[in-house]
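Shown here: final_13.txt, compact mmCIF, C-alpha atoms.
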```txt
# COMPACT_ATOMS: atom_id res chain seq x y z
CA MET A 1 -17.35 22.01 36.59
CA ALA A 2 -14.70 19.41 37.35
CA ALA A 3 -17.44 16.74 37.30
CA VAL A 4 -18.44 17.84 33.78
CA GLY A 5 -14.85 17.56 32.56
CA SER A 6 -14.46 14.16 34.21
CA LEU A 7 -17.65 12.84 32.59
CA ALA A 8 -16.55 14.18 29.21
CA ASN A 9 -13.18 12.43 29.64
CA ASN A 10 -14.91 9.12 30.40
CA LEU A 11 -17.05 9.45 27.29
CA ILE A 12 -13.98 10.28 25.20
CA GLU A 13 -12.32 7.08 26.43
CA LEU A 14 -15.45 5.13 25.46
CA TRP A 15 -15.40 6.42 21.89
CA LYS A 16 -11.66 5.93 21.54
CA CYS A 17 -12.37 2.21 21.33
CA PRO A 18 -12.50 1.54 17.56
CA TYR A 19 -15.26 -1.04 17.91
CA THR A 20 -17.78 1.43 19.33
CA ARG A 21 -17.97 3.32 16.03
CA THR A 22 -17.16 0.46 13.66
CA TYR A 23 -20.04 -1.72 14.77
CA LEU A 24 -22.66 0.96 15.42
CA PRO A 25 -24.22 0.69 11.90
CA HIS A 26 -24.37 -3.09 12.32
CA LEU A 27 -26.01 -2.62 15.71
CA PHE A 28 -28.85 -0.59 14.18
CA LEU A 29 -29.52 -3.26 11.56
CA PHE A 30 -29.36 -5.99 14.21
CA ILE A 31 -31.80 -4.19 16.51
CA SER A 32 -34.17 -3.63 13.59
CA VAL A 33 -34.24 -7.34 12.74
CA LEU A 34 -34.33 -8.60 16.33
CA GLY A 35 -36.95 -6.08 17.41
CA SER A 36 -39.17 -7.00 14.48
CA LEU A 37 -38.85 -10.69 15.37
CA LEU A 38 -39.77 -10.00 18.99
CA LYS A 39 -42.77 -7.95 17.83
CA HIS A 40 -43.89 -10.71 15.45
CA LEU A 41 -43.64 -13.34 18.19
CA GLU A 42 -45.34 -10.99 20.67
CA LEU A 43 -42.58 -11.55 23.22
CA VAL A 44 -42.42 -7.93 24.41
CA SER A 45 -45.26 -6.72 26.60
CA GLN A 46 -46.82 -3.31 26.19
CA SER A 47 -45.21 -0.51 28.18
CA TYR A 48 -45.08 3.26 28.52
CA PHE A 49 -42.94 3.38 25.37
CA SER A 50 -45.45 1.42 23.29
CA ASN A 51 -47.66 4.52 23.45
CA SER A 52 -46.61 6.99 20.77
CA ARG A 53 -47.52 9.84 23.14
CA ASN A 54 -44.63 9.05 25.49
CA VAL A 55 -42.54 12.07 26.42
CA LEU A 56 -39.38 11.02 24.55
CA ASN A 57 -41.31 10.48 21.33
CA VAL A 58 -43.31 13.72 21.56
CA TYR A 59 -40.55 16.09 22.67
CA PHE A 60 -37.46 14.45 21.18
CA VAL A 61 -38.11 12.01 18.32
CA LYS A 62 -40.82 14.11 16.66
CA VAL A 63 -38.32 16.96 16.38
CA SER A 64 -35.20 14.79 16.28
CA TRP A 65 -33.49 16.64 13.44
CA GLY A 66 -34.00 19.91 15.27
CA TRP A 67 -32.23 18.52 18.36
CA THR A 68 -29.45 17.17 16.15
CA LEU A 69 -28.81 20.52 14.47
CA VAL A 70 -29.12 22.63 17.64
CA LEU A 71 -26.42 20.57 19.35
CA LEU A 72 -24.20 19.74 16.38
CA LEU A 73 -23.96 23.24 14.91
CA PRO A 74 -22.05 24.83 17.83
CA PHE A 75 -20.14 21.61 18.52
CA VAL A 76 -18.87 21.27 14.93
CA TYR A 77 -17.87 24.93 14.92
CA ILE A 78 -15.98 24.85 18.22
CA SER A 79 -14.45 21.37 17.99
CA ASN A 80 -13.10 21.96 14.48
CA SER A 81 -11.66 25.36 15.40
CA CYS A 82 -8.82 23.94 17.52
CA LYS A 83 -5.61 24.93 15.68
CA ARG A 84 -7.57 25.06 12.39
CA SER A 85 -8.26 27.82 9.89
CA ARG A 86 -11.63 29.51 9.51
CA ALA A 87 -11.86 28.05 5.99
CA PHE A 88 -11.53 24.53 7.40
CA VAL A 89 -14.27 25.22 9.95
CA LEU A 90 -16.64 26.60 7.31
CA LYS A 91 -16.03 23.57 5.09
CA ARG A 92 -16.79 21.27 7.98
CA LEU A 93 -20.02 23.12 8.70
CA THR A 94 -21.25 22.22 5.21
CA SER A 95 -21.51 18.63 6.44
CA LEU A 96 -24.61 19.74 8.37
CA LEU A 97 -26.07 21.20 5.18
CA VAL A 98 -25.45 17.90 3.38
CA ALA A 99 -26.99 15.95 6.26
CA THR A 100 -30.06 18.21 6.27
CA LEU A 101 -30.54 17.73 2.52
CA ILE A 102 -30.32 13.95 2.99
CA TRP A 103 -32.84 14.10 5.84
CA TYR A 104 -35.27 16.28 3.87
CA THR A 105 -34.98 14.29 0.63
CA CYS A 106 -35.45 10.93 2.29
CA THR A 107 -38.38 11.93 4.50
CA GLU A 108 -40.19 13.63 1.62
CA THR A 109 -39.61 10.54 -0.53
CA PHE A 110 -41.09 8.34 2.19
CA PHE A 111 -44.17 10.59 2.35
CA TYR A 112 -44.53 10.48 -1.43
CA ILE A 113 -44.27 6.68 -1.55
CA GLU A 114 -46.91 6.35 1.16
CA ASP A 115 -49.23 8.68 -0.78
CA VAL A 116 -48.90 6.97 -4.16
CA THR A 117 -49.20 3.44 -2.76
CA GLY A 118 -52.05 4.08 -0.34
CA ALA A 119 -55.78 4.59 -0.18
CA CYS A 120 -58.18 6.25 2.24
CA TYR A 121 -60.51 3.95 4.17
CA GLU A 122 -63.60 4.80 6.13
CA SER A 123 -62.73 2.59 9.11
CA ASN A 124 -60.35 -0.04 10.49
CA THR A 125 -62.23 -2.74 8.60
CA MET A 126 -60.50 -1.51 5.43
CA GLN A 127 -63.62 -2.33 3.40
CA VAL A 128 -64.93 1.04 2.23
CA ILE A 129 -62.45 3.02 0.09
CA LEU A 130 -62.92 6.78 -0.22
CA GLY A 131 -61.53 7.24 -3.73
CA ASP A 132 -62.05 10.99 -3.82
CA ILE A 133 -59.37 11.48 -1.13
CA THR A 134 -55.93 10.92 -2.62
CA THR A 135 -53.42 11.97 0.04
CA LYS A 136 -52.67 10.82 3.57
CA ALA A 137 -52.85 14.37 4.93
CA ALA A 138 -56.34 14.94 3.55
CA CYS A 139 -57.49 11.52 4.72
CA LYS A 140 -56.26 12.04 8.28
CA LYS A 141 -57.68 15.56 8.40
CA ALA A 142 -61.10 14.16 7.45
CA GLY A 143 -60.87 11.64 10.29
CA PHE A 144 -60.39 8.56 8.16
CA ILE A 145 -57.62 5.93 7.90
CA TRP A 146 -54.86 5.93 5.28
CA ASP A 147 -53.18 2.66 4.40
CA GLY A 148 -50.02 2.79 2.27
CA PHE A 149 -46.44 1.54 2.13
CA ASP A 150 -45.15 3.31 5.23
CA ILE A 151 -41.33 3.20 5.32
CA SER A 152 -40.38 3.94 8.92
CA GLY A 153 -39.24 7.53 9.16
CA HIS A 154 -38.29 6.95 12.80
CA SER A 155 -35.99 4.05 11.91
CA PHE A 156 -34.37 6.24 9.27
CA ILE A 157 -33.88 9.46 11.20
CA LEU A 158 -32.83 7.85 14.49
CA SER A 159 -30.18 5.66 12.84
CA TYR A 160 -28.91 8.34 10.46
CA SER A 161 -28.85 11.07 13.09
CA ALA A 162 -27.01 8.93 15.64
CA LEU A 163 -24.41 7.80 13.10
CA ALA A 164 -23.79 11.37 11.91
CA ILE A 165 -23.46 12.65 15.48
CA VAL A 166 -20.98 9.92 16.41
CA GLU A 167 -18.86 10.72 13.35
CA GLU A 168 -18.79 14.43 14.19
CA MET A 169 -17.96 13.74 17.84
CA VAL A 170 -14.64 12.22 16.71
CA ALA A 171 -13.19 15.74 16.62
CA MET A 172 -13.32 15.78 20.43
CA LEU A 173 -10.84 12.90 20.62
CA GLN A 174 -7.97 15.04 19.34
CA ILE A 175 -8.55 18.22 21.37
CA PRO A 176 -6.09 18.59 24.28
CA ASN A 177 -7.60 19.25 27.70
CA SER A 178 -5.97 22.67 27.72
CA HIS A 179 -8.03 23.71 24.68
CA ARG A 180 -11.38 22.53 26.06
CA ASN A 181 -13.87 24.54 28.08
CA ALA A 182 -17.00 23.78 30.08
CA PHE A 183 -19.34 24.76 27.23
CA LEU A 184 -17.66 22.36 24.79
CA ASP A 185 -17.70 19.57 27.39
CA CYS A 186 -21.41 20.17 28.04
CA LEU A 187 -22.17 20.05 24.32
CA TYR A 188 -20.24 16.80 24.03
CA ILE A 189 -22.10 15.26 26.96
CA ALA A 190 -25.45 16.43 25.53
CA LEU A 191 -24.64 14.83 22.17
CA ASN A 192 -23.85 11.55 23.91
CA VAL A 193 -27.17 11.75 25.77
CA ILE A 194 -29.01 12.36 22.49
CA VAL A 195 -27.29 9.35 20.89
CA ALA A 196 -28.39 7.22 23.86
CA ILE A 197 -31.98 8.48 23.50
CA TRP A 198 -31.94 7.80 19.76
CA LEU A 199 -30.70 4.24 20.37
CA TRP A 200 -33.36 3.59 22.99
CA MET A 201 -36.19 5.01 20.90
CA PHE A 202 -34.92 3.13 17.85
CA ALA A 203 -35.18 -0.08 19.87
CA CYS A 204 -38.71 0.88 20.99
CA THR A 205 -39.72 1.54 17.38
CA SER A 206 -38.36 -1.87 16.42
CA VAL A 207 -40.32 -3.83 19.03
CA TYR A 208 -43.57 -1.84 19.09
CA PHE A 209 -44.30 -0.23 15.71
CA HIS A 210 -44.39 -0.83 11.95
CA HIS A 211 -43.86 -3.99 9.90
CA PHE A 212 -40.44 -5.56 9.47
CA ILE A 213 -39.92 -4.39 5.88
CA ASP A 214 -40.90 -0.80 6.80
CA LYS A 215 -38.34 -0.67 9.61
CA PHE A 216 -35.60 -2.52 7.76
CA LEU A 217 -35.88 -0.23 4.73
CA GLY A 218 -35.89 2.88 6.91
CA THR A 219 -32.83 1.69 8.81
CA SER A 220 -31.04 0.67 5.60
CA VAL A 221 -31.59 4.14 4.11
CA GLY A 222 -30.21 5.71 7.30
CA VAL A 223 -27.11 3.52 7.25
CA LEU A 224 -26.69 4.11 3.51
CA GLY A 225 -26.84 7.89 4.01
CA TRP A 226 -24.06 7.62 6.59
CA TYR A 227 -21.99 5.26 4.41
CA VAL A 228 -22.17 7.38 1.25
CA THR A 229 -21.04 10.51 3.12
CA TYR A 230 -18.65 9.51 5.91
CA VAL A 231 -17.17 6.38 4.32
CA VAL A 232 -17.17 7.10 0.57
CA TRP A 233 -17.44 10.86 -0.02
CA TYR A 234 -15.88 12.79 2.88
CA PRO A 235 -12.56 10.87 3.15
CA LYS A 236 -11.84 11.55 -0.55
CA CYS A 237 -12.96 15.18 -0.78
CA SER A 238 -11.91 18.25 1.20
CA LEU A 239 -15.43 19.68 1.02
CA PRO A 240 -16.71 19.11 3.60
CA GLY A 241 -14.08 16.50 4.50
CA LEU A 242 -13.91 14.47 7.68
CA PRO A 243 -13.64 15.91 11.21
CA PRO A 244 -10.08 15.99 12.59
CA GLN A 245 -9.11 12.38 13.31
CA PRO A 246 -7.26 11.15 16.43
CA ASN A 247 -4.37 9.74 14.39
CA GLU A 248 -3.58 13.20 13.01
CA GLN A 249 -1.87 14.09 16.28
CA LYS A 250 0.46 11.14 15.90
CA GLN A 251 1.28 12.14 12.31
CA HIS A 252 2.20 15.69 13.39
CA ALA A 253 4.15 14.57 16.50
```
Do you think you could lay out the structure here as structure tokens?
Amino acid sequence: MAAVGSLANNLIELWKCPYTRTYLPHLFLFISVLGSLLKHLELVSQSYFSNSRNVLNVYFVKVSWGWTLVLLLPFVYISNSCKRSRAFVLKRLTSLLVATLIWYTCTETFFYIEDVTGACYESNTMQVILGDITTKAACKKAGFIWDGFDISGHSFILSYSALAIVEEMVAMLQIPNSHRNAFLDCLYIALNVIVAIWLWMFACTSVYFHHFIDKFLGTSVGVLGWYVTYVVWYPKCSLPGLPPQPNEQKQHA
């Protein structure tokens, strides 16, 4: 288990650098723009990840919010419990409820926009419109093709989920080694792995799928969701409030 603790320590040192968190939202926007440009210029060849049936997309991205909650729920509980009251921990757990509401509202809105702006076509030629079918779900079920304004849900959820995870992982930076255990270290490592997967799949989405405006809007909504909560709301309100910050140790020293 010493190797687990050592790896966790290395990751903690990585995230102690202020630039790693400060520029992460900018990185998502940059990748979205650059990836779209590369796709438009056809400079990236097809690969295993250009197939939507690749293993990371099927077993991770398709259920990305599930992975996020399964790992964050115990991590937020344990990491916020160090020298903190139960009330503080419960308040911090409400951040996951807020994040889930944002995820659900945004994804349902994207589905609604695609429904109201689209039409069902008989084939790829987009010449014969089936006007009696008015939703994407019904169109796909019937074996036809739906064409609407498809804001990238992948760009949204991968950027928003990664940014939320990184913000919650900050709590680990102020926990002394003596208060950590192997389970917490494993959770922390798993969250870092998930963030890496989200970044990679976000890049793949940018270079292989969707139009530029679809991806840029999806990414912008993800970044906006993070900004409204962790930059505007949480620092000014105790419910749910921010995770324990590294500089709190210095203030109490």
inquiry  = Just checking: using only C-alpha atoms, which residue out of A:Ile175, A:Leu199, A:Met169, A:Leu184 ends up closest to Leu14 of chain A?
reply    =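 For Leu14 of chain A, the nearest of the candidates is A:Met169.
A straight line drawn from atom CA of Thr109 of chain A to atom CA of Phe149 of chain A is 11.6 Å long.
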query = For Thr100 of chain A, which of A:Gly148, A:Ala142, A:Leu69, A:Val55 is the closest residue, counting only C-alpha atoms?
reply = A:Leu69
key: Atom pair atom CA of Val63 of chain A / atom CA of Pro235 of chain A: separation (Å)   = 29.6 Å
key: For Asp147 of chain A, the nearest of the candidates A:Ser32, A:Asn51, A:Ser81, A:Gln127, counting only C-alpha atoms   =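 Using only C-alpha atoms, the shortest distance to Asp147 of chain A belongs to A:Gln127.
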query = Can you tell me, as number ranges by chain, what residues are no more than 12 Å from Tyr77 of chain A when counting only C-alpha atoms, ignoring any on the same chain fewer than 5 positions away?
reply = A: 69-72, 82, 84-96, 168-169, 171-172, 184, 187, 243
query = So how many Å separate atom CA of Leu38 of chain A and atom CA of His211 of chain A, to one decimal?
reply = 11.6 Å
query = With only C-alpha atoms as the atoms that count, which of A:Val76, A:Leu101, A:Ala2, A:Ile157 lies nearest to Phe202 of chain A?
reply =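 Smallest distance to Phe202 of chain A is found for A:Ile157.
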request  = Find the residues with any atom within 9 Å of (-32.6, 3.1, 11.4); use only C-alpha atoms and the coordinates as given in the file, and write the answer as a VMD selection string.
outcome  = chain A and resid 25 28 to 29 31 to 32 152 to 161 202 215 to 223
Ile12 of chain A environment, 12 Å, all atoms listed in the file, sequence neighbours closer than 4 positions dropped, as a PDB file with C-alpha atoms, in the frame of the given file:
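Just written: result-v6.pdb:
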```pdb
ATOM      1  CA  GLY A   5     -14.850  17.560  32.560  1.00  0.00           C
ATOM      2  CA  SER A   6     -14.460  14.160  34.210  1.00  0.00           C
ATOM      3  CA  LEU A   7     -17.650  12.840  32.590  1.00  0.00           C
ATOM      4  CA  ALA A   8     -16.550  14.180  29.210  1.00  0.00           C
ATOM      5  CA  LYS A  16     -11.660   5.930  21.540  1.00  0.00           C
ATOM      6  CA  CYS A  17     -12.370   2.210  21.330  1.00  0.00           C
ATOM      7  CA  PRO A  18     -12.500   1.540  17.560  1.00  0.00           C
ATOM      8  CA  THR A  20     -17.780   1.430  19.330  1.00  0.00           C
ATOM      9  CA  VAL A 166     -20.980   9.920  16.410  1.00  0.00           C
ATOM     10  CA  MET A 169     -17.960  13.740  17.840  1.00  0.00           C
ATOM     11  CA  VAL A 170     -14.640  12.220  16.710  1.00  0.00           C
ATOM     12  CA  ALA A 171     -13.190  15.740  16.620  1.00  0.00           C
ATOM     13  CA  MET A 172     -13.320  15.780  20.430  1.00  0.00           C
ATOM     14  CA  LEU A 173     -10.840  12.900  20.620  1.00  0.00           C
ATOM     15  CA  GLN A 174      -7.970  15.040  19.340  1.00  0.00           C
ATOM     16  CA  ILE A 175      -8.550  18.220  21.370  1.00  0.00           C
ATOM     17  CA  PRO A 176      -6.090  18.590  24.280  1.00  0.00           C
ATOM     18  CA  ASN A 177      -7.600  19.250  27.700  1.00  0.00           C
ATOM     19  CA  ASP A 185     -17.700  19.570  27.390  1.00  0.00           C
ATOM     20  CA  TYR A 188     -20.240  16.800  24.030  1.00  0.00           C
ATOM     21  CA  ILE A 189     -22.100  15.260  26.960  1.00  0.00           C
ATOM     22  CA  LEU A 191     -24.640  14.830  22.170  1.00  0.00           C
ATOM     23  CA  ASN A 192     -23.850  11.550  23.910  1.00  0.00           C
ATOM     24  CA  PRO A 246      -7.260  11.150  16.430  1.00  0.00           C
TER      25      PRO A 246
END
```
message = Calculated over all atoms listed in the file, which of the candidates A:Ala182, A:Ile78, A:Leu163, A:Val207 has the smallest distance to Glu42 of chain A?
response =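 With all atoms listed in the file as the atom set, the closest residue is A:Val207.
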